[in-house]
>>> print(open('data19.cif').read())   # mmCIF, C-alpha atoms
data_data
#
loop_
_atom_site.label_atom_id
_atom_site.label_comp_id
_atom_site.auth_asym_id
_atom_site.auth_seq_id
_atom_site.Cartn_x
_atom_site.Cartn_y
_atom_site.Cartn_z
CA MET A 144 91.62 107.48 86.70
CA ASP A 145 94.67 107.13 88.92
CA PHE A 146 96.99 104.19 88.51
CA PRO A 147 97.19 102.21 90.69
CA SER A 148 93.91 102.63 92.56
CA MET A 149 90.77 100.68 93.43
CA ASP A 150 89.00 102.50 90.60
CA TRP A 151 91.63 101.18 88.21
CA ILE A 152 91.34 97.63 89.58
CA ASN A 153 87.56 97.77 89.28
CA ALA A 154 87.89 98.87 85.65
CA PHE A 155 90.45 96.10 85.08
CA GLN A 156 88.04 93.54 86.55
CA GLU A 157 85.30 94.74 84.22
CA LYS A 158 87.58 94.47 81.17
CA CYS A 159 88.68 90.96 82.14
CA ASN A 160 85.09 89.85 82.59
CA THR A 161 84.18 90.92 79.07
CA SER A 162 87.25 89.32 77.43
CA GLU A 163 86.71 86.06 75.55
CA ASN A 164 90.41 85.24 75.81
CA PHE A 165 90.35 85.75 79.57
CA SER A 166 87.19 83.69 79.92
CA LYS A 167 88.73 80.81 77.96
CA ALA A 168 92.08 80.92 79.81
CA THR A 169 90.41 80.91 83.24
CA ALA A 170 87.53 78.54 82.52
CA TRP A 171 88.89 76.12 85.16
CA ALA A 172 90.56 78.61 87.47
CA ASP A 173 89.78 78.78 91.19
CA THR A 174 92.67 80.99 92.12
CA LYS A 175 93.56 83.98 94.29
CA VAL A 176 95.96 86.43 92.64
CA VAL A 177 97.64 89.38 94.33
CA LEU A 178 99.06 92.20 92.22
CA VAL A 179 101.74 94.26 93.96
CA MET A 180 102.11 97.56 92.13
CA GLY A 181 104.70 99.66 93.92
CA SER A 182 103.33 100.14 97.42
CA SER A 183 99.78 99.18 96.37
CA ARG A 184 98.45 95.63 96.65
CA PHE A 185 95.28 94.24 95.12
CA TYR A 186 93.54 90.92 95.61
CA LEU A 187 91.70 89.24 92.72
CA LYS A 188 89.62 86.08 92.96
CA LEU A 189 89.52 84.21 89.65
CA TYR A 190 86.78 81.61 89.36
CA ARG A 191 85.37 79.78 86.33
CA GLY A 192 86.13 82.42 83.70
CA LYS A 193 85.54 85.57 85.75
CA ILE A 194 87.14 87.76 88.38
CA ILE A 195 84.43 87.43 91.02
CA ASP A 196 85.97 89.63 93.72
CA VAL A 197 88.56 92.38 94.03
CA MET A 198 89.82 94.21 97.10
CA ASP A 199 92.67 96.15 98.49
CA TYR A 200 95.06 93.54 99.93
CA GLN A 201 96.50 93.94 103.39
CA PRO A 202 98.41 90.78 104.33
CA PHE A 203 97.78 91.01 108.06
CA SER A 204 94.06 91.59 107.82
CA ASN A 205 93.16 89.43 104.81
CA ALA A 206 92.39 85.91 106.00
CA LEU A 207 92.12 84.51 102.48
CA GLY A 208 95.77 84.90 101.48
CA TYR A 209 96.75 84.21 97.88
CA ASP A 210 97.88 81.52 95.47
CA ILE A 211 99.86 83.64 93.02
CA ILE A 212 101.58 86.97 93.49
CA LEU A 213 102.86 89.24 90.72
CA ARG A 214 105.12 91.94 92.12
CA ALA A 215 106.83 94.87 90.38
CA GLU A 216 107.69 98.51 90.85
CA LEU A 217 105.39 101.10 89.33
CA ASP A 218 107.79 102.00 86.53
CA VAL A 219 107.78 98.34 85.43
CA TRP A 220 103.97 98.20 85.38
CA GLN A 221 104.09 101.43 83.39
CA LYS A 222 106.10 99.57 80.72
CA ILE A 223 103.22 97.08 80.53
CA LEU A 224 100.61 99.83 80.28
CA ASP A 225 102.66 101.49 77.53
CA LYS A 226 103.19 98.13 75.74
CA GLN A 227 106.93 98.70 75.84
CA ASN A 228 107.77 95.18 77.00
CA PRO A 229 105.80 91.93 77.18
CA PHE A 230 105.03 90.28 80.52
CA LEU A 231 107.25 87.27 79.89
CA GLN A 232 110.28 89.38 79.02
CA LEU A 233 109.92 91.37 82.24
CA ALA A 234 109.48 88.09 84.14
CA PHE A 235 112.62 86.63 82.50
CA LEU A 236 114.52 89.77 83.51
CA GLY A 237 113.20 89.53 87.07
CA GLU A 238 111.53 92.93 86.85
CA ILE A 239 108.16 91.29 87.45
CA GLU A 240 108.39 88.68 90.18
CA ARG A 241 106.10 85.63 89.85
CA ASP A 242 105.81 83.80 93.14
CA GLY A 243 103.52 81.77 95.37
CA ASN A 244 102.21 78.39 94.22
CA MET A 245 104.32 78.03 91.07
CA LEU A 246 102.37 75.01 89.85
CA GLU A 247 99.26 77.16 89.81
CA CYS A 248 101.18 80.11 88.41
CA ASN A 249 102.49 78.03 85.49
CA ARG A 250 99.14 76.33 84.98
CA LEU A 251 97.54 79.74 84.59
CA HIS A 252 100.32 81.32 82.53
CA GLU A 253 98.01 81.91 79.59
CA ALA A 254 95.51 83.71 81.85
CA LEU A 255 98.21 85.88 83.41
CA SER A 256 99.56 86.75 79.95
CA VAL A 257 96.10 87.75 78.76
CA MET A 258 95.54 89.87 81.89
CA VAL A 259 98.88 91.63 81.73
CA ASP A 260 99.70 91.90 78.01
CA GLU A 261 96.23 92.15 76.47
CA ILE A 262 93.94 93.73 79.03
CA MET A 263 95.98 95.99 81.32
CA PRO A 264 97.14 98.39 78.57
CA GLY A 265 93.52 99.04 77.60
CA VAL A 266 92.19 99.92 81.07
CA MET B 269 100.75 81.59 55.88
CA THR B 270 101.18 81.75 52.13
CA THR B 271 100.45 78.48 50.37
CA ASP B 272 101.38 79.01 46.74
CA HIS B 273 104.82 77.43 47.16
CA ILE B 274 103.98 74.58 49.54
CA CYS B 275 103.50 72.04 46.77
CA GLU B 276 107.16 72.37 45.81
CA ILE B 277 108.29 71.02 49.18
CA THR B 278 108.46 67.24 49.55
CA GLY B 279 108.89 65.13 52.68
CA HIS B 280 111.37 62.28 53.12
CA TYR B 281 112.62 59.90 55.78
CA THR B 282 116.10 58.60 56.41
CA VAL B 283 117.69 56.58 59.20
CA VAL B 284 120.57 57.80 61.37
CA ASP B 285 121.97 55.52 64.09
CA SER B 286 118.84 53.35 63.83
CA THR B 287 116.60 56.40 64.35
CA ARG B 288 113.99 57.39 61.76
CA ILE B 289 114.43 61.07 60.88
CA TYR B 290 112.18 63.26 58.73
CA TYR B 291 113.25 66.12 56.46
CA GLU B 292 111.76 68.26 53.74
CA GLU B 293 113.38 69.63 50.64
CA CYS B 294 112.81 71.59 47.48
CA GLY B 295 114.95 72.62 44.54
CA SER B 296 118.29 71.34 43.33
CA GLY B 297 121.87 72.51 43.64
CA VAL B 298 124.17 73.09 46.60
CA PRO B 299 122.58 71.67 49.79
CA PHE B 300 121.33 74.45 52.06
CA PHE B 301 120.28 73.04 55.45
CA CYS B 302 117.78 74.73 57.79
CA ILE B 303 117.61 73.76 61.48
CA HIS B 304 114.57 74.88 63.46
CA THR B 305 114.07 76.42 66.91
CA ALA B 306 113.30 74.74 70.24
CA GLY B 307 110.13 72.69 70.38
CA ALA B 308 109.28 73.36 66.74
CA CYS B 309 109.84 71.61 63.39
CA SER B 310 110.71 72.12 59.73
CA LEU B 311 107.49 74.09 59.10
CA GLU B 312 109.26 77.21 60.35
CA PHE B 313 111.26 77.41 57.11
CA HIS B 314 108.43 76.96 54.60
CA ASP B 315 108.41 80.62 53.57
CA PHE B 316 112.21 80.82 53.45
CA MET B 317 113.10 77.63 51.57
CA PRO B 318 111.65 78.68 48.17
CA LEU B 319 113.68 81.89 48.34
CA MET B 320 116.86 79.85 48.62
CA VAL B 321 115.70 77.60 45.78
CA GLN B 322 115.32 80.70 43.60
CA LYS B 323 119.00 81.39 44.28
CA GLY B 324 120.01 77.95 43.06
CA PHE B 325 120.13 75.96 46.28
CA ARG B 326 118.64 72.63 47.27
CA ALA B 327 116.85 73.78 50.42
CA ILE B 328 116.52 71.12 53.13
CA ALA B 329 114.71 71.57 56.45
CA ILE B 330 115.03 68.84 59.04
CA ASP B 331 112.85 67.81 61.95
CA LEU B 332 115.29 67.48 64.84
CA PRO B 333 115.10 64.18 66.77
CA GLY B 334 111.94 64.07 68.88
CA HIS B 335 110.31 66.89 66.91
CA GLY B 336 107.64 66.74 64.23
CA LYS B 337 107.88 63.38 62.45
CA SER B 338 111.37 62.45 63.70
CA TYR B 339 111.73 59.93 66.50
CA PRO B 340 114.05 60.69 69.42
CA VAL B 341 117.36 58.82 69.56
CA ASN B 342 117.02 55.87 71.97
CA TRP B 343 113.71 57.49 73.04
CA GLN B 344 115.58 60.20 74.92
CA PRO B 345 115.98 63.89 74.06
CA PHE B 346 119.44 65.40 73.69
CA GLN B 347 120.45 67.64 76.58
CA VAL B 348 123.99 68.53 75.46
CA MET B 349 124.30 70.71 72.36
CA HIS B 350 127.52 69.16 71.04
CA GLU B 351 126.04 65.63 71.12
CA TYR B 352 122.90 66.97 69.44
CA ALA B 353 125.00 68.67 66.76
CA GLU B 354 127.12 65.60 66.08
CA PHE B 355 123.99 63.56 65.44
CA VAL B 356 122.72 66.22 63.05
CA TRP B 357 126.10 66.29 61.29
CA LYS B 358 125.69 62.58 60.50
CA LEU B 359 122.22 63.38 59.13
CA ILE B 360 123.62 66.22 57.00
CA GLY B 361 126.25 63.85 55.60
CA ILE B 362 123.61 61.30 54.60
CA ILE B 363 121.30 63.83 52.95
CA SER B 364 123.99 65.89 51.19
CA GLY B 365 125.72 62.78 49.84
CA GLY B 366 129.17 64.17 50.47
CA GLU B 367 128.57 67.52 48.81
CA LYS B 368 129.74 70.47 50.92
CA PRO B 369 126.68 72.20 52.35
CA VAL B 370 125.67 75.60 53.62
CA VAL B 371 124.22 75.04 57.09
CA SER B 372 121.80 77.47 58.68
CA GLY B 373 119.71 77.32 61.83
CA CYS B 374 117.68 79.49 64.13
CA SER B 375 117.78 79.83 67.93
CA ILE B 376 118.91 76.40 69.19
CA GLY B 377 119.47 75.74 65.47
CA GLY B 378 121.73 78.80 65.37
CA ASN B 379 123.65 77.52 68.37
CA MET B 380 123.89 74.12 66.69
CA VAL B 381 125.27 75.70 63.50
CA THR B 382 127.88 77.49 65.61
CA ASP B 383 128.85 74.22 67.30
CA LEU B 384 129.06 72.47 63.92
CA ALA B 385 131.24 75.26 62.52
CA CYS B 386 133.65 74.84 65.44
CA TYR B 387 134.18 71.15 64.61
CA HIS B 388 133.38 70.69 60.91
CA SER B 389 133.86 74.03 59.15
CA GLU B 390 136.36 72.66 56.65
CA GLU B 391 133.60 70.42 55.35
CA MET B 392 131.07 73.28 55.09
CA LEU B 393 130.71 76.05 52.51
CA ALA B 394 129.31 78.45 55.11
CA ALA B 395 127.64 78.50 58.52
CA LEU B 396 124.68 80.82 59.13
CA ALA B 397 123.52 81.25 62.73
CA PHE B 398 120.19 83.06 63.03
CA GLU B 399 119.31 84.16 66.57
CA GLY B 400 122.08 82.00 68.01
CA ALA B 401 125.62 82.56 69.29
CA ALA B 402 128.64 80.85 70.82
CA ILE B 403 127.20 81.26 74.30
CA THR B 404 123.57 81.85 75.33
CA PRO B 405 123.13 81.98 79.11
CA PHE B 406 119.61 81.20 80.34
CA TYR B 407 117.75 79.73 83.28
CA GLN B 408 118.20 76.03 84.13
CA LEU B 409 114.76 74.61 83.47
CA ASN B 410 115.38 70.94 84.37
CA ALA B 411 112.49 70.95 86.83
CA TYR B 412 110.03 71.58 84.03
CA GLU B 413 110.78 68.45 81.98
CA GLU B 414 107.82 66.57 83.42
CA PRO B 415 104.34 67.92 82.68
CA HIS B 416 103.24 67.55 86.30
CA ALA B 417 105.94 70.05 87.31
CA CYS B 418 104.75 72.75 84.94
CA PRO B 419 101.22 72.18 83.63
CA GLY B 420 101.25 75.38 81.57
CA TRP B 421 104.53 74.75 79.76
CA HIS B 422 103.19 75.01 76.24
CA SER B 423 101.52 78.32 76.97
CA ILE B 424 104.80 79.65 78.37
CA MET B 425 106.67 78.45 75.29
CA GLU B 426 104.15 79.96 72.90
CA GLN B 427 103.96 83.25 74.79
CA ALA B 428 107.78 83.38 74.81
CA ALA B 429 107.73 83.05 71.03
CA ILE B 430 105.28 85.92 70.71
CA ALA B 431 107.19 88.02 73.24
CA SER B 432 110.39 87.64 71.22
CA SER B 433 108.90 88.59 67.85
CA TYR B 434 108.74 92.03 66.28
CA LYS B 435 105.56 94.06 66.94
CA PRO B 436 103.07 94.62 65.53
CA LEU B 437 102.45 90.95 64.77
CA SER B 438 99.20 90.12 63.01
CA GLU B 439 96.73 87.80 64.74
CA GLU B 440 97.19 85.26 61.96
CA LYS B 441 101.00 85.30 62.26
CA ALA B 442 100.72 85.07 66.06
CA ALA B 443 98.44 82.05 65.74
CA GLU B 444 100.80 80.37 63.29
CA LEU B 445 103.82 81.14 65.47
CA ARG B 446 102.08 79.52 68.45
CA TRP B 447 101.12 76.47 66.40
CA MET B 448 104.73 76.04 65.23
CA HIS B 449 105.66 75.32 68.84
CA ARG B 450 103.31 72.35 69.17
CA PHE B 451 105.55 69.79 67.46
CA SER B 452 107.40 68.28 70.38
CA SER B 453 106.66 67.00 73.85
CA GLN B 454 107.33 69.11 76.93
CA GLU B 455 110.28 66.84 77.79
CA VAL B 456 111.89 67.46 74.39
CA ALA B 457 111.24 71.20 74.35
CA VAL B 458 112.65 71.67 77.85
CA SER B 459 115.69 69.62 76.85
CA ASP B 460 116.15 71.95 73.88
CA MET B 461 116.18 74.85 76.32
CA LEU B 462 118.79 73.06 78.45
CA CYS B 463 120.94 72.75 75.32
CA TRP B 464 120.47 76.48 74.78
CA ALA B 465 121.34 77.39 78.37
CA ASN B 466 124.42 75.16 78.62
CA HIS B 467 125.83 75.87 75.16
CA ASN B 468 129.28 77.46 75.26
CA VAL B 469 131.82 77.15 72.45
CA LEU B 470 133.57 80.48 72.98
CA ASP B 471 136.89 78.66 73.32
CA LYS B 472 136.28 76.77 70.06
CA VAL B 473 135.21 79.52 67.63
CA LYS B 474 138.85 80.22 66.78
CA ASN B 475 138.75 76.87 64.91
CA ILE B 476 136.17 78.09 62.41
CA ARG B 477 137.54 78.02 58.86
CA CYS B 478 134.48 78.78 56.74
CA PRO B 479 132.45 81.98 56.29
CA TYR B 480 130.29 82.44 59.39
CA LEU B 481 127.35 84.83 59.65
CA VAL B 482 125.43 85.54 62.85
CA VAL B 483 122.09 87.33 62.52
CA MET B 484 119.93 88.79 65.27
CA GLY B 485 116.59 90.55 65.01
CA GLU B 486 116.28 93.94 66.66
CA ALA B 487 113.28 92.70 68.68
CA ASP B 488 114.83 89.46 69.94
CA ILE B 489 114.74 89.28 73.74
CA PHE B 490 116.89 86.16 74.05
CA LEU B 491 120.10 87.60 72.63
CA SER B 492 122.19 90.74 72.85
CA GLU B 493 124.64 92.32 70.45
CA GLU B 494 127.26 91.80 73.14
CA LEU B 495 126.85 88.01 72.82
CA LEU B 496 127.16 88.26 69.05
CA ASP B 497 130.28 90.41 69.33
CA MET B 498 131.80 87.87 71.74
CA THR B 499 130.95 85.12 69.25
CA ILE B 500 132.72 86.60 66.25
CA ALA B 501 135.64 88.28 68.06
CA GLU B 502 137.95 85.24 67.92
CA ILE B 503 136.97 83.88 64.50
CA PRO B 504 140.05 84.35 62.28
CA ASP B 505 140.71 85.78 58.84
CA GLY B 506 137.70 88.04 58.59
CA LEU B 507 135.47 85.00 58.05
CA ALA B 508 132.78 86.15 60.48
CA GLU B 509 130.19 88.89 60.21
CA LYS B 510 127.28 90.09 62.35
CA ARG B 511 123.96 91.55 61.21
CA VAL B 512 121.16 93.06 63.32
CA GLY B 513 118.01 92.87 61.23
CA LYS B 514 115.24 95.46 61.23
CA LYS B 515 111.61 94.58 61.84
CA PHE B 516 112.12 91.03 63.03
CA GLY B 517 112.73 89.26 66.28
CA HIS B 518 113.63 85.65 67.12
CA TYR B 519 112.08 84.11 63.97
CA PRO B 520 113.49 85.91 60.89
CA MET B 521 112.76 83.07 58.44
CA PHE B 522 109.09 83.32 59.45
CA GLU B 523 108.76 87.04 60.25
CA GLN B 524 110.81 88.49 57.37
CA PRO B 525 111.85 85.67 55.02
CA GLU B 526 112.65 87.98 52.09
CA ALA B 527 114.80 90.28 54.23
CA LEU B 528 116.64 87.30 55.71
CA ALA B 529 117.18 85.81 52.26
CA GLN B 530 118.67 89.12 51.11
CA ILE B 531 121.04 89.22 54.10
CA VAL B 532 122.10 85.62 53.45
CA ILE B 533 122.65 86.00 49.71
CA ASP B 534 124.52 89.27 50.16
CA PHE B 535 126.86 87.52 52.62
CA LEU B 536 127.34 84.39 50.53
CA GLU B 537 128.07 86.42 47.39
CA ARG B 538 130.63 88.63 49.13
CA LYS B 539 132.29 85.54 50.59
CA LYS B 540 132.25 83.98 47.09
CA VAL B 541 130.25 80.96 48.28
CA VAL B 542 127.82 81.58 45.40
#
>>> encode(input="data19.cif", output="structure tokens")
Amino acid sequence: MDFPSMDWINAFQEKCNTSENFSKATAWADTKVVLVMGSSRFYLKLYRGKIIDVMDYQPFSNALGYDIILRAELDVWQKILDKQNPFLQLAFLGEIERDGNMLECNRLHEALSVMVDEIMPGV
Amino acid sequence: MTTDHICEITGHYTVVDSTRIYYEECGSGVPFFCIHTAGACSLEFHDFMPLMVQKGFRAIAIDLPGHGKSYPVNWQPFQVMHEYAEFVWKLIGIISGGEKPVVSGCSIGGNMVTDLACYHSEEMLAALAFEGAAITPFYQLNAYEEPHACPGWHSIMEQAAIASSYKPLSEEKAAELRWMHRFSSQEVAVSDMLCWANHNVLDKVKNIRCPYLVVMGEADIFLSEELLDMTIAEIPDGLAEKRVGKKFGHYPMFEQPEALAQIVIDFLERKKVV
């Protein structure tokens, strides 16, 4: 499976939706997350413990927008997939940019950590 | 968490500047103080204290003001490291009863030990800074003091602890490490981080007159060897040493208590403190 690709995002969605930790951390989420992976962008809709929708994200043609965006170059995401560095370290260093509604981003920090540190490397 | 030694540790209260402060101790001998990390409490040293007792020390771990069972001073957290350290120095004086102590601390505790050594080293046997330094630049987190400004603060703090520890980390250790960061309010923990970010005694370390050891774990993401080298460069008379420990990160007394105890005792013996 190519990374990044819609196949990869679909597999990621499936993993998230079978994770107890993800389910617990997003039990009261109603949040749109965009992952920017190099030149690829993916939209995820988190709602009540599940990712209920994923799609390729094109800012001009997507009327839903997003609440939280996580943006990094592909080599940085590769460090996550290889478990070289934890999410928070790369965020501290500015290699992964967290932006958008920061209240929502901080509120869902546990969920984002589970998605990035626990689930992504296993996709 | 091992529990076979817990019964040896007893809790006490004392009063400093009208503020009720909690500390724990075990053993008898030279006072050996342990100062915990941001947002945590004395529990962090429970695996380390008995190892110091075995070496003939009276091991004492404090709950910093506003943490664990200690009240904050005037109901406000400290936001300036030197003021924080001076309060703790009064506490050390009360508990040690005038006997010269060894003072250790980790993270903000390590920074506090470094501050104390700059001002009070002639009244200390040794200063041991774990995962701290003379300067520790970090983000200014003032905006996060109030819970409404950062509803997920405790998750961030706990994930930061896990991120800065050595891997692999067992699920049980990870759970305990997270729990150790649930002993202060968000306001106090953020204030601790402000003390960390604004701490800078580089121009004072030349005043240190007691043996000074700075220890950093190889997996720590909050420090660099460069900061440690800057810290010890101006300390005179060969009093200062640096160690980078294997297989631990930001919490050596919890991750590798035996290895840390060995580093400490080796240093104190060579410096003829014990």
>>> interface_residues(input="data19.cif", of="chain B", to="chain A", cutoff="7 Å", atoms="all atoms listed in the file", output="PyMOL selection string")
chain B and resi 417-421+423-424+428+431+489
>>> residues_around(input="data19.cif", residues="Lys472 in chain B", least_positions_apart="5", cutoff="10 Å", atoms="all atoms listed in the file", output="list in words")
Thr382, Asp383, Ala385, Cys386, Tyr387, Ala402, Thr499, Glu502 and Ile503 of chain B
>>> closest_residue(input="data19.cif", among="B:Leu462, B:Ala443, B:Ile500, B:Ala508", to="Pro405 in chain B", atoms="all atoms listed in the file")
B:Leu462
>>> atom_distance(input="data19.cif", atom1="CA of Ile303 in chain B", atom2="CA of Asp497 in chain B")
22.3 Å
>>> resolve_selection(input="data19.cif", expression="the PyMOL selection byres ((chain B and resi 429) around 9)", output="PyMOL selection string")
chain B and resi 424-428+430-433+442+445-446+449+518-519
>>> atom_distance(input="data19.cif", atom1="CA of Gly324 in chain B", atom2="CA of Ala308 in chain B")
26.4 Å
>>> resolve_selection(input="data19.cif", expression="the PyMOL selection byres ((chain B and resi 332) around 9)", output="list of chain:residue names")
B:Ile289, B:Tyr290, B:Tyr291, B:Ile303, B:His304, B:Ala308, B:Cys309, B:Ser310, B:Ile330, B:Asp331, B:Pro333, B:Gly334, B:His335, B:Gly336, B:Lys337, B:Ser338, B:Tyr339, B:Pro340, B:Tyr352, B:Val356
>>> residues_around(input="data19.cif", residues="Ile212 in chain A", least_positions_apart="5", cutoff="9 Å", atoms="only C-alpha atoms", output="PyMOL selection string")
chain A and resi 175-179+240-244+248
>>> atom_distance(input="data19.cif", atom1="CA of Lys539 in chain B", atom2="CA of Ala395 in chain B")
11.6 Å
>>> closest_residue(input="data19.cif", among="B:Val370, B:Lys514, B:Val321, B:Leu311", to="Glu444 in chain B", atoms="all atoms listed in the file")
B:Leu311
>>> residues_around(input="data19.cif", residues="range 144-151 of chain A", least_positions_apart="5", cutoff="8 Å", atoms="all atoms listed in the file", output="ChimeraX atom specification")
/A:180,183,198-199,266
>>> resolve_selection(input="data19.cif", expression="the PyMOL selection byres ((chain B and resi 542) around 10)", output="ChimeraX atom specification")
/B:298,323-325,393,533-541
>>> closest_residue(input="data19.cif", among="B:Ile363, B:Val473, B:Met498, B:Val348", to="Asp460 in chain B", atoms="only C-alpha atoms")
B:Val348
>>> residues_around(input="data19.cif", residues="Cys159 in chain A", least_positions_apart="5", cutoff="9 Å", atoms="all atoms listed in the file", output="list in words")
Ala154, Asn164, Phe165, Ser166, Lys193, Ile194, Val257, Met258, Ile262 and Met263 of chain A
>>> residues_near_point(input="data19.cif", point="(129.1, 84.3, 74.6)", cutoff="10 Å", atoms="only C-alpha atoms", output="list in words")
Gly400, Ala401, Ala402, Ile403, Thr404, Pro405, His467, Asn468, Val469, Leu470, Asp471, Leu491, Ser492, Glu494, Leu495, Leu496, Asp497, Met498, Thr499 and Ile500 of chain B
>>> closest_residue(input="data19.cif", among="B:Ala411, B:Ile360, B:Ile277, B:Ile531", to="Val512 in chain B", atoms="only C-alpha atoms")
B:Ile531
>>> residues_around(input="data19.cif", residues="Glu399 in chain B", least_positions_apart="3", cutoff="8 Å", atoms="all atoms listed in the file", output="PyMOL selection string")
chain B and resi 374-375+378+482-485+488+491+518-519
>>> closest_residue(input="data19.cif", among="B:Ala487, B:Ala327, B:Met392, B:Cys302", to="Glu276 in chain B", atoms="only C-alpha atoms")
B:Ala327
